[in-house]
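Q: Below are the structure tokens for one structure; questions will follow.
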Amino acid sequence: MCARTTLTLSAHLIARWLALRDDPPWEPRYNVCPTQDQLAVRLRDGEPEAVRLRWGLVPSWATDLSVGSRMINARGETVDAKPAFRDAFRSRRCLILVDGFYEWQAIPGAKRRVPYAIRMTDGVPFVLAGLWESWRANGADDTVETCTVVTTAANPLVAPIHDRMPVILDPSAYSVWLDPTTPPAVATALLAPYGGQALYAYPVSTHVNTPAHDDARCLEPVAA
């Protein structure tokens, strides 16, 4: 699964990374948690748009915003068929911008799981496959825009920590994933365990376990 991410770049550096016209609405984050905002890129009138989306997808037919807390991830193996995700998969795919994510490893005999930070070896940011939706409460004027992270089986690096991981997209796949005219079979083929540029994983302290903690200490390595 994927339940915490990081995006510690400044808005200006994010704009340079993705060749965006304007700096996106973002401040560096070290511990992005469900129901908080992710920074994502989607297409608007055929042009890429950076936007903040509440993490935890709420289908348009849902009766309550709290549904999103159970839909922070969408399994890549079933994303095209599950009622909560299939419409978004067909026409509302997005790129979720990160420079790391956390997973927790269960240790036999231990009461607490060990958190790990997972990042690129050279520290560069990367992109997770995502979906987005718009939701409006009955009688409300404003909509809430939400998102989910698509997951897949863990690759050899992540597998000792957790059996699932987010889908990391190669830069060559960004436009393919975003394009709503991409055939579903082509989009589905992108949802594979990451095998590209090297990732590395290292243990961090349980400081990251607390959602209120959002500082550089979350990413500091500790002894395994």
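In the structure tokens, the first chain shown is A, the next is B, and so on; residue numbers restart at 1 for each chain, and ligands run from 1 in the order shown.
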Would you mind listing, for every residue of stretch 50-145 of chain A within 10 Å of stretch 208-211 of chain A, the two atoms forming the shortest contact and the distance between them in Å to one decimal, using only C-alpha atoms, sorted by chain and ascending residue number, as a tab-separated table?
A:
```
residue	atom	partner	partner_atom	distance
A:Tyr102	CA	A:Val208	CA	8.8
A:Trp104	CA	A:Asn209	CA	9.6
A:Val114	CA	A:Asn209	CA	9.8
A:Pro115	CA	A:Val208	CA	7.7
A:Tyr116	CA	A:Val208	CA	9.6
A:Ala117	CA	A:Val208	CA	9.7
```
Q: Take the residues from that selection and put them in a file with N, CA and C atoms, as a short mmCIF file (atom, residue, chain, number, x, y, z; two decimals), in the first residue's frame.
A:
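Just written: out04.cif:
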```cif
data_model
loop_
_atom_site.label_atom_id
_atom_site.label_comp_id
_atom_site.auth_asym_id
_atom_site.auth_seq_id
_atom_site.Cartn_x
_atom_site.Cartn_y
_atom_site.Cartn_z
N TYR A 102 6.77 6.28 2.45
CA TYR A 102 7.09 5.47 3.62
C TYR A 102 6.32 4.15 3.57
N TRP A 104 5.90 0.49 6.30
CA TRP A 104 6.18 -0.03 7.63
C TRP A 104 6.40 -1.54 7.57
N VAL A 114 8.46 -1.18 11.87
CA VAL A 114 9.57 -0.26 11.63
C VAL A 114 9.29 0.56 10.37
N PRO A 115 9.27 1.89 10.47
CA PRO A 115 9.03 2.70 9.27
C PRO A 115 10.30 2.82 8.42
N TYR A 116 10.11 2.76 7.13
CA TYR A 116 11.19 2.94 6.16
C TYR A 116 10.82 4.08 5.21
N ALA A 117 11.81 4.88 4.88
CA ALA A 117 11.67 5.86 3.80
C ALA A 117 12.22 5.23 2.53
#
```
Q: Could the residues of stretch 104-201 of chain A that have an atom at most 10 Å from stretch 4-10 of chain A be listed as CSV, each with its closest atom pair and the distance in Å to one decimal, counting only C-alpha atoms and ordered by chain and ascending residue number?
A:
```
residue,atom,partner,partner_atom,distance
A:Ala117,CA,A:Thr5,CA,8.9
A:Ile118,CA,A:Thr5,CA,9.3
A:Arg119,CA,A:Thr6,CA,9.3
A:Val124,CA,A:Leu9,CA,9.6
A:Pro125,CA,A:Leu7,CA,7.6
A:Phe126,CA,A:Leu7,CA,9.4
```
Q: Keeping C-alpha atoms, export the residues of the selection given above as a compact mmCIF listing (two decimals), in the first residue's frame.
A:
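Contents of part.txt, as written:
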```
# COMPACT_ATOMS: atom_id res chain seq x y z
CA ALA A 117 11.67 5.86 3.80
CA ILE A 118 11.92 4.88 0.14
CA ARG A 119 13.50 7.35 -2.26
CA VAL A 124 15.34 13.21 -7.58
CA PRO A 125 11.54 13.51 -7.43
CA PHE A 126 9.31 11.02 -9.19
```
Q: Taking 4 positions as the minimum chain separation for residues in the same chain, which residues sit within 9 Å of A:Ala88 when counting only C-alpha atoms? Answer as a PyMOL selection string.
A: chain A and resi 59+80+84+92-93+131-133
Q: Just C-alpha atoms for this one: save the residues we selected as a PDB file, in the first residue's frame.
A:
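Okay, this is what ended up in out-v3.pdb:
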```pdb
ATOM      1  CA  PRO A  59     -16.665   8.737  -5.878  1.00  0.00           C
ATOM      2  CA  ASP A  80     -10.538  -0.835 -14.201  1.00  0.00           C
ATOM      3  CA  ALA A  84     -15.273   3.260  -6.889  1.00  0.00           C
ATOM      4  CA  ARG A  92      -9.545  11.147 -14.760  1.00  0.00           C
ATOM      5  CA  ARG A  93      -6.001   9.868 -14.380  1.00  0.00           C
ATOM      6  CA  LEU A 131      -6.784   8.970 -10.175  1.00  0.00           C
ATOM      7  CA  TRP A 132      -8.913  11.957  -9.254  1.00  0.00           C
ATOM      8  CA  GLU A 133     -12.592  12.718  -8.724  1.00  0.00           C
TER       9      GLU A 133
END
```
Q: Considering only C-alpha atoms, return as a VMD selection string whatever protein or nucleic-acid residues lie within 9 Å of stretch 71-78 of chain A, sequence-local ones (same chain, fewer than 6 positions apart) excluded.
A: chain A and resid 1 to 3 34 to 35 55 to 58 84 to 86 130 to 131 147 to 153 166 to 167 188 191 to 192
Q: Just write the chosen residues, C-alpha atoms, as a tab-separated table (two decimals), in the first residue's frame.
A:
```tsv
chain	number	residue	atom	x	y	z
A	1	MET	CA	0.00	0.00	0.00
A	2	CYS	CA	1.00	3.65	0.17
A	3	ALA	CA	-0.15	5.65	3.17
A	34	PRO	CA	-4.42	10.55	4.06
A	35	THR	CA	-7.11	13.28	3.96
A	55	TRP	CA	-5.90	12.25	-0.56
A	56	GLY	CA	-8.62	9.61	-0.40
A	57	LEU	CA	-10.81	9.31	-3.48
A	58	VAL	CA	-14.51	10.01	-2.99
A	84	ALA	CA	-15.27	3.26	-6.89
A	85	PHE	CA	-12.40	3.69	-9.36
A	86	ARG	CA	-13.37	2.54	-12.85
A	130	GLY	CA	-3.07	8.45	-9.53
A	131	LEU	CA	-6.78	8.97	-10.18
A	147	CYS	CA	-7.34	11.48	-5.41
A	148	THR	CA	-6.02	7.98	-4.86
A	149	VAL	CA	-2.63	6.34	-5.44
A	150	VAL	CA	-2.61	3.24	-7.65
A	151	THR	CA	-0.62	0.35	-6.16
A	152	THR	CA	0.94	-2.86	-7.45
A	153	ALA	CA	2.96	-5.80	-6.16
A	166	PRO	CA	2.77	2.56	-5.35
A	167	VAL	CA	3.02	2.45	-9.13
A	188	THR	CA	-3.32	-0.93	-17.39
A	191	LEU	CA	0.69	-0.59	-13.61
A	192	ALA	CA	3.67	-2.84	-12.99
```
Q: Give the alpha helix (DSSP H) residues of stretch 116-199 of chain A, as assigned by DSSP on the backbone, as a PyMOL selection string.
A: chain A and resi 174-178+184-189
Q: Using N, CA and C atoms, can you export the residues from the last selection as a compact mmCIF listing (two decimals), in the first residue's frame?
A:
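What follows is the written file again-v3.txt:
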```
# COMPACT_ATOMS: atom_id res chain seq x y z
N TYR A 174 4.32 9.47 -18.69
CA TYR A 174 3.50 10.51 -18.09
C TYR A 174 2.34 10.91 -19.02
N SER A 175 2.67 11.26 -20.25
CA SER A 175 1.63 11.73 -21.17
C SER A 175 0.66 10.62 -21.54
N VAL A 176 1.15 9.38 -21.60
CA VAL A 176 0.27 8.25 -21.91
C VAL A 176 -0.75 8.05 -20.79
N TRP A 177 -0.29 8.10 -19.55
CA TRP A 177 -1.19 7.92 -18.41
C TRP A 177 -2.20 9.05 -18.31
N LEU A 178 -1.78 10.28 -18.57
CA LEU A 178 -2.68 11.42 -18.44
C LEU A 178 -3.73 11.48 -19.54
N PRO A 184 -7.73 1.66 -22.41
CA PRO A 184 -7.59 1.12 -21.06
C PRO A 184 -6.52 0.03 -20.95
N ALA A 185 -6.40 -0.81 -21.98
CA ALA A 185 -5.39 -1.88 -21.92
C ALA A 185 -3.98 -1.32 -21.89
N VAL A 186 -3.76 -0.21 -22.58
CA VAL A 186 -2.44 0.42 -22.60
C VAL A 186 -2.16 1.04 -21.22
N ALA A 187 -3.16 1.72 -20.66
CA ALA A 187 -2.99 2.32 -19.33
C ALA A 187 -2.75 1.24 -18.28
N THR A 188 -3.48 0.15 -18.36
CA THR A 188 -3.32 -0.93 -17.39
C THR A 188 -1.93 -1.54 -17.46
N ALA A 189 -1.35 -1.61 -18.65
CA ALA A 189 -0.03 -2.20 -18.82
C ALA A 189 1.05 -1.40 -18.09
```
Q: Considering only C-alpha atoms, can you say which of A:Glu47, A:Gln38, A:Arg90, A:Leu18 comes closest to A:Thr181?
A: A:Arg90
Q: Do you have the atom CA of A:His162-atom CA of A:Ala201 distance handy?
A: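 Result for atom CA of A:His162 versus atom CA of A:Ala201: 11.6 Å, one decimal.
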Q: Considering only C-alpha atoms, return as a VMD selection string whatever protein or nucleic-acid residues lie within 8 Å of A:Arg52, sequence-local ones (same chain, fewer than 6 positions apart) excluded.
A: chain A and resid 25 37 to 40
Q: Write the residues you've just listed into a file as a short mmCIF file (atom, residue, chain, number, x, y, z; two decimals), in the first residue's frame, and include N, CA and C atoms for each of them.
A:
```cif
data_model
loop_
_atom_site.label_atom_id
_atom_site.label_comp_id
_atom_site.auth_asym_id
_atom_site.auth_seq_id
_atom_site.Cartn_x
_atom_site.Cartn_y
_atom_site.Cartn_z
N PRO A 25 0.84 25.50 -6.27
CA PRO A 25 0.50 25.87 -4.88
C PRO A 25 1.02 24.83 -3.90
N ASP A 37 -3.65 17.14 1.49
CA ASP A 37 -3.53 17.38 0.06
C ASP A 37 -2.26 16.79 -0.52
N GLN A 38 -2.42 16.13 -1.66
CA GLN A 38 -1.31 15.76 -2.52
C GLN A 38 -1.20 16.81 -3.63
N LEU A 39 0.02 16.98 -4.16
CA LEU A 39 0.18 17.81 -5.34
C LEU A 39 0.16 16.90 -6.55
N ALA A 40 -0.71 17.21 -7.49
CA ALA A 40 -0.89 16.35 -8.66
C ALA A 40 -0.90 17.19 -9.92
#
```
Q: Which residue out of A:Tyr30, A:Leu95, A:Val222, A:Ser66 has the minimum interatomic distance to A:Ala173 when only C-alpha atoms are used?
A: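 Using only C-alpha atoms, the shortest distance to A:Ala173 belongs to A:Leu95.
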Q: Please measure the separation of atom CA of A:Leu219 and atom CA of A:Pro28, giving the value in Å to one decimal.
A: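 Interatomic distance here is 12.8 Å.
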Q: How many Å separate atom CA of A:Trp61 from atom CA of A:Val32?
A: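 Rounded to one decimal, the two atoms are 26.2 Å apart.
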Q: Of the candidates A:Pro203, A:Gly196, A:Pro83, A:Pro221, which one gets nearest to A:Pro171 if we count only C-alpha atoms?
A: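 Selected residue with least distance to A:Pro171: A:Gly196.
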Q: When distances are computed from only C-alpha atoms, which of A:Ser205, A:Thr146, A:Ser91, A:Gln36 shows the smallest separation from A:Gly68?
A: A:Thr146
Q: List every residue of stretch 6-211 of chain A that DSSP, applied to the backbone of this structure, places in strand (DSSP E), and write the result as a PyMOL selection string.
A: chain A and resi 6-7+29-32+37-44+47-55+73-75+93-98+100-105+114-120+126-135+144-153+164-166+168-169+199-203
